[in-house]
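Engineer: Structure below; questions to follow.
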Amino acid sequence: MTSVTALPTHPHRPHPSPSRPAPSHRPALGRRGAFRLHASILVTLLAASSAPTPLYALYQSAWHFSALTLTVVFSTYALALLLALLSTGRLSDHLGRRPVLAGALLAEATAMALFTTAQSVPALIAARILQGLATGVATSAAGAALLDFEDPDRPGRATLVNGITPVAGMAAGVLAATALTQYAPAPTHTVYLLLLLLLTTQAAAVLRTPETAHPHPGARRSLRPTIALAPASRPAMTLAAPGIIAAWALGGFYSSLGPSLARLTAPHATPATGGLVFLTLTATAGLAGHTARTLPARTVNLAGTTLLIPGALLTLSGPHLHSLPALFTGTAIAGAGFGAVTQGALRLLLPPAAPQERAGTLAAYYVLSYLAMSVPAILAGLLTDRYGLPSALLLYTATVVLLTLTGLTRARRTPHPA
């Protein structure tokens, strides 16, 4: 996917600048406003992705489905998103950022409408599939637009935003859904209706931004699934991959089985407790990512990988001790590790890539991340149904610890990537 820092020009007439548009085609937003809009879109997309997490307990209670079914509902979103990332990552290069992103946001809004009318597991899965496809398309286009609209005087800002917005968005989504579950009428409807309104508003706003891509033929060929990791970023991916997998696998467990874990730890806790567990993970992840933004990327990544170990172990002890403080403490430490791994990995991966390779490299990072989030979560659901949640949690924690130790060992033997 091609990314530029200045707007392209038409071969016959100049394309209007985002800061000084042509009077007859004046867009509502300049470069700075467009950058903020696309950052807010990424937050909204990830908020929508995490909004169902606090509601899973309500769905499970109403429809009486198993832990495996719950993780399948969760993972269909991630797998659909992966398919979209692999096949549509360069689509906005060919068709333009604005039409691709606006269309994806309207598809996401349609998914929110499906959530409000869902009365069964198949309907929930259908909504998650559409949401995943729309999010994958929109994430690629919005991430590329962030690079397009980045202020040349503030290089690296788009990388920082791409690192922080996922966890910030997930935190916002789970916070809103948890609060509405506790205090609003029709909790399985209200949050989706609010998101539907926000997404349609953002889709309209996107159409009022300057177009930064130069549409050209080849859209159909661009849909062939591909992973475009920049060659210069491959050493960094080799270094960071174990930590990335461990962090996102842990995030997948919290996203799908977090409410069940909270009920196991404190059976008489309020339904909102499960949402608060995931909120703790994402909020501390966002705080850690922001705090570590000025530290060396390799140091941040390795520190985050290290924090995953005590975080996972404390999380494991919570149900055995029937201690919510232990569960929340472990979750906070794991969240800090998650945020540091994410932020450090992106700062290792993106700077070595050439400008036209960065969007593809970002997509490759998300492919690895969402595979790590979805596949282990399904296995955890299978293990939970067969052996119970405590045994599944023990095996999951052992896997996360093994991955982190592998990453730390590899880091000691690997020179600093160029």
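By convention here, the chains of the structure tokens are called A, B, ... in the order presented, each chain's residues are numbered starting at 1, and ligands are numbered starting at 1 in the order presented.
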Do you know which residues are at most 8 Å from Ala292 in chain A counting only C-alpha atoms, after dropping those on the same chain fewer than 6 positions away, and could you put them as a PyMOL selection string?
Structural biologist: chain A and resi 300+340+343
Engineer: So that I have them on file, write out the residues from the current selection with C-alpha atoms, as a PDB file, in the first residue's frame.
Structural biologist:
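Produced file again-v7.pdb, reproduced below:
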```
ATOM      1  CA  VAL A 300      10.116  -0.968  25.643  1.00  0.00           C
ATOM      2  CA  ALA A 340       4.564  -1.834  25.890  1.00  0.00           C
ATOM      3  CA  GLN A 343       4.100   0.204  21.083  1.00  0.00           C
TER       4      GLN A 343
END
```
Engineer: Run DSSP on the backbone and grab whatever in range 191-318 of chain A lands in helix (DSSP H, G or I); send it over as number ranges by chain.
Structural biologist: A: 191-206, 219-222, 231-265, 272-294, 297-318
Engineer: Using only C-alpha atoms, find each residue in range 16-97 of chain A having at least one atom no more than 8 Å away from range 161-184 of chain A; report its shortest atom-to-atom pair and that distance in Å (one decimal), rows by chain then rising number, as a Markdown table.
Structural biologist:
```
| residue | atom | partner | partner_atom | distance |
| --- | --- | --- | --- | --- |
| A:Ala39 | CA | A:Val161 | CA | 6.9 |
| A:Leu42 | CA | A:Thr165 | CA | 6.3 |
| A:Val43 | CA | A:Gly169 | CA | 4.0 |
| A:Thr44 | CA | A:Gly169 | CA | 6.1 |
| A:Leu45 | CA | A:Gly169 | CA | 7.2 |
| A:Leu46 | CA | A:Gly169 | CA | 4.7 |
| A:Ala47 | CA | A:Gly173 | CA | 3.7 |
| A:Ala48 | CA | A:Gly173 | CA | 6.0 |
| A:Ser49 | CA | A:Met170 | CA | 7.0 |
| A:Ser50 | CA | A:Met170 | CA | 5.2 |
| A:Ala51 | CA | A:Gly173 | CA | 4.7 |
| A:Pro52 | CA | A:Ala177 | CA | 7.4 |
| A:Thr53 | CA | A:Val174 | CA | 6.7 |
| A:Pro54 | CA | A:Thr178 | CA | 5.7 |
| A:Leu55 | CA | A:Thr181 | CA | 7.3 |
```
Engineer: For the residues in the current selection, export N, CA and C atoms as a PDB file, in the first residue's frame.
Structural biologist:
```pdb
ATOM      1  N   ALA A  39      -7.665   9.281  13.203  1.00  0.00           N
ATOM      2  CA  ALA A  39      -7.300   8.696  14.497  1.00  0.00           C
ATOM      3  C   ALA A  39      -8.561   8.340  15.284  1.00  0.00           C
ATOM      4  N   LEU A  42     -10.131   5.104  14.009  1.00  0.00           N
ATOM      5  CA  LEU A  42      -9.491   3.899  14.525  1.00  0.00           C
ATOM      6  C   LEU A  42      -9.948   3.603  15.949  1.00  0.00           C
ATOM      7  N   VAL A  43     -10.099   4.650  16.760  1.00  0.00           N
ATOM      8  CA  VAL A  43     -10.601   4.452  18.129  1.00  0.00           C
ATOM      9  C   VAL A  43     -12.017   3.879  18.092  1.00  0.00           C
ATOM     10  N   THR A  44     -12.873   4.432  17.239  1.00  0.00           N
ATOM     11  CA  THR A  44     -14.258   3.961  17.155  1.00  0.00           C
ATOM     12  C   THR A  44     -14.333   2.512  16.689  1.00  0.00           C
ATOM     13  N   LEU A  45     -13.525   2.169  15.689  1.00  0.00           N
ATOM     14  CA  LEU A  45     -13.530   0.795  15.180  1.00  0.00           C
ATOM     15  C   LEU A  45     -13.150  -0.200  16.271  1.00  0.00           C
ATOM     16  N   LEU A  46     -12.113   0.124  17.046  1.00  0.00           N
ATOM     17  CA  LEU A  46     -11.691  -0.799  18.106  1.00  0.00           C
ATOM     18  C   LEU A  46     -12.647  -0.766  19.292  1.00  0.00           C
ATOM     19  N   ALA A  47     -13.298   0.386  19.515  1.00  0.00           N
ATOM     20  CA  ALA A  47     -14.333   0.433  20.555  1.00  0.00           C
ATOM     21  C   ALA A  47     -15.492  -0.484  20.186  1.00  0.00           C
ATOM     22  N   ALA A  48     -15.874  -0.472  18.916  1.00  0.00           N
ATOM     23  CA  ALA A  48     -16.950  -1.362  18.463  1.00  0.00           C
ATOM     24  C   ALA A  48     -16.548  -2.822  18.590  1.00  0.00           C
ATOM     25  N   SER A  49     -15.254  -3.110  18.373  1.00  0.00           N
ATOM     26  CA  SER A  49     -14.805  -4.504  18.455  1.00  0.00           C
ATOM     27  C   SER A  49     -14.874  -5.045  19.873  1.00  0.00           C
ATOM     28  N   SER A  50     -14.641  -4.182  20.875  1.00  0.00           N
ATOM     29  CA  SER A  50     -14.634  -4.654  22.267  1.00  0.00           C
ATOM     30  C   SER A  50     -15.973  -4.479  22.965  1.00  0.00           C
ATOM     31  N   ALA A  51     -16.891  -3.737  22.360  1.00  0.00           N
ATOM     32  CA  ALA A  51     -18.176  -3.486  23.014  1.00  0.00           C
ATOM     33  C   ALA A  51     -18.935  -4.760  23.384  1.00  0.00           C
ATOM     34  N   PRO A  52     -18.882  -5.842  22.565  1.00  0.00           N
ATOM     35  CA  PRO A  52     -19.624  -7.053  22.966  1.00  0.00           C
ATOM     36  C   PRO A  52     -19.050  -7.772  24.187  1.00  0.00           C
ATOM     37  N   THR A  53     -17.795  -7.504  24.561  1.00  0.00           N
ATOM     38  CA  THR A  53     -17.158  -8.282  25.633  1.00  0.00           C
ATOM     39  C   THR A  53     -17.965  -8.271  26.928  1.00  0.00           C
ATOM     40  N   PRO A  54     -18.379  -7.119  27.457  1.00  0.00           N
ATOM     41  CA  PRO A  54     -19.168  -7.156  28.698  1.00  0.00           C
ATOM     42  C   PRO A  54     -20.554  -7.761  28.517  1.00  0.00           C
ATOM     43  N   LEU A  55     -20.993  -7.902  27.264  1.00  0.00           N
ATOM     44  CA  LEU A  55     -22.334  -8.423  27.002  1.00  0.00           C
ATOM     45  C   LEU A  55     -22.358  -9.936  26.802  1.00  0.00           C
TER      46      LEU A  55
END
```
Engineer: If we count only C-alpha atoms, what is near Ala113 in chain A at a cut-off of 12 Å, once residues fewer than 6 positions away on the same chain are taken out, given as a ChimeraX atom specification?
Structural biologist: /A:48,106-107,123-124,126-128,130-131,188-197,199-200
Engineer: Could the residues of range 55-122 of chain A that have an atom at most 7 Å from range 215-223 of chain A be listed as a tab-separated table, each with its closest atom pair and the distance in Å to one decimal, counting only C-alpha atoms and ordered by chain and ascending residue number?
Structural biologist:
```
residue	atom	partner	partner_atom	distance
A:Ser87	CA	A:Leu223	CA	4.5
A:Thr88	CA	A:Leu223	CA	5.5
A:Arg90	CA	A:Ser222	CA	6.1
A:Leu91	CA	A:Ala219	CA	5.9
A:Asp93	CA	A:Pro215	CA	6.3
A:His94	CA	A:Pro215	CA	4.6
A:Leu95	CA	A:Pro215	CA	4.9
A:Gly96	CA	A:Pro215	CA	5.3
```
Engineer: Please produce a file of those selected residues containing N, CA and C atoms, as an mmCIF file, in the first residue's frame.
Structural biologist:
```
data_model
loop_
_atom_site.group_PDB
_atom_site.id
_atom_site.type_symbol
_atom_site.label_atom_id
_atom_site.label_comp_id
_atom_site.auth_asym_id
_atom_site.auth_seq_id
_atom_site.Cartn_x
_atom_site.Cartn_y
_atom_site.Cartn_z
ATOM 1 N N SER A 87 -6.602 -9.285 2.011
ATOM 2 C CA SER A 87 -7.088 -9.122 0.648
ATOM 3 C C SER A 87 -7.379 -7.678 0.258
ATOM 4 N N THR A 88 -7.639 -6.804 1.212
ATOM 5 C CA THR A 88 -8.038 -5.432 0.857
ATOM 6 C C THR A 88 -7.058 -4.392 1.370
ATOM 7 N N ARG A 90 -4.520 -3.070 0.113
ATOM 8 C CA ARG A 90 -4.090 -2.076 -0.882
ATOM 9 C C ARG A 90 -5.255 -1.512 -1.685
ATOM 10 N N LEU A 91 -6.488 -1.862 -1.293
ATOM 11 C CA LEU A 91 -7.642 -1.455 -2.099
ATOM 12 C C LEU A 91 -7.775 0.059 -2.165
ATOM 13 N N ASP A 93 -5.507 2.225 -2.196
ATOM 14 C CA ASP A 93 -4.517 2.774 -3.124
ATOM 15 C C ASP A 93 -5.096 2.881 -4.526
ATOM 16 N N HIS A 94 -5.957 1.926 -4.878
ATOM 17 C CA HIS A 94 -6.484 1.859 -6.240
ATOM 18 C C HIS A 94 -7.791 2.634 -6.395
ATOM 19 N N LEU A 95 -8.652 2.589 -5.386
ATOM 20 C CA LEU A 95 -9.971 3.215 -5.491
ATOM 21 C C LEU A 95 -10.046 4.575 -4.803
ATOM 22 N N GLY A 96 -9.060 4.880 -3.955
ATOM 23 C CA GLY A 96 -9.092 6.124 -3.194
ATOM 24 C C GLY A 96 -9.413 5.856 -1.734
#
```
Engineer: Please provide the set of residues having any atom within 8 Å of Ala134 in chain A, restricted to only C-alpha atoms, with same-chain residues fewer than 4 positions apart removed, written as a list in words.
Structural biologist: Leu81, Ala84, Ala104, Leu105, Ala107, Glu108, Leu130 and Ala138 of chain A
Engineer: Would you tabulate, counting only C-alpha atoms, all residues of range 306-415 of chain A that have an atom at most 6 Å from an atom of range 245-265 of chain A, showing the closest pair of atoms and their distance in Å to one decimal, sorted by chain then ascending number, as JSON lines?
Structural biologist:
```
{"residue": "A:Pro319", "atom": "CA", "partner": "A:Thr265", "partner_atom": "CA", "distance": 4.1}
{"residue": "A:His322", "atom": "CA", "partner": "A:Thr265", "partner_atom": "CA", "distance": 4.7}
{"residue": "A:Phe338", "atom": "CA", "partner": "A:Ala247", "partner_atom": "CA", "distance": 5.1}
{"residue": "A:Ser369", "atom": "CA", "partner": "A:Trp248", "partner_atom": "CA", "distance": 5.8}
{"residue": "A:Ala372", "atom": "CA", "partner": "A:Ala249", "partner_atom": "CA", "distance": 5.0}
{"residue": "A:Met373", "atom": "CA", "partner": "A:Gly252", "partner_atom": "CA", "distance": 4.4}
{"residue": "A:Ala377", "atom": "CA", "partner": "A:Phe253", "partner_atom": "CA", "distance": 5.5}
{"residue": "A:Val400", "atom": "CA", "partner": "A:Ala246", "partner_atom": "CA", "distance": 5.1}
{"residue": "A:Leu403", "atom": "CA", "partner": "A:Ala246", "partner_atom": "CA", "distance": 5.8}
```
Engineer: For a test of reading the model, state the distance in Å between CA of Thr71 in chain A and CA of Val121 in chain A, rounded to one decimal.
Structural biologist: 11.7 Å
Engineer: Compile the contact shell of Phe35 in chain A as a list in words: residues with an atom at most 8 Å away, counting only C-alpha atoms, same-chain residues fewer than 3 positions apart removed.
Structural biologist: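 My reading of the contact set: Arg31, Arg32, His38, Ala39, Ala145, Leu146, Phe149 and Glu150 of chain A.
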Engineer: Between A:Ala353, A:Ala303, A:Ala109, A:Ala392, which one has atoms that come closest to Ala411 in chain A, using only C-alpha atoms?
Structural biologist: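 Closest to Ala411 in chain A of all the choices is A:Ala303.
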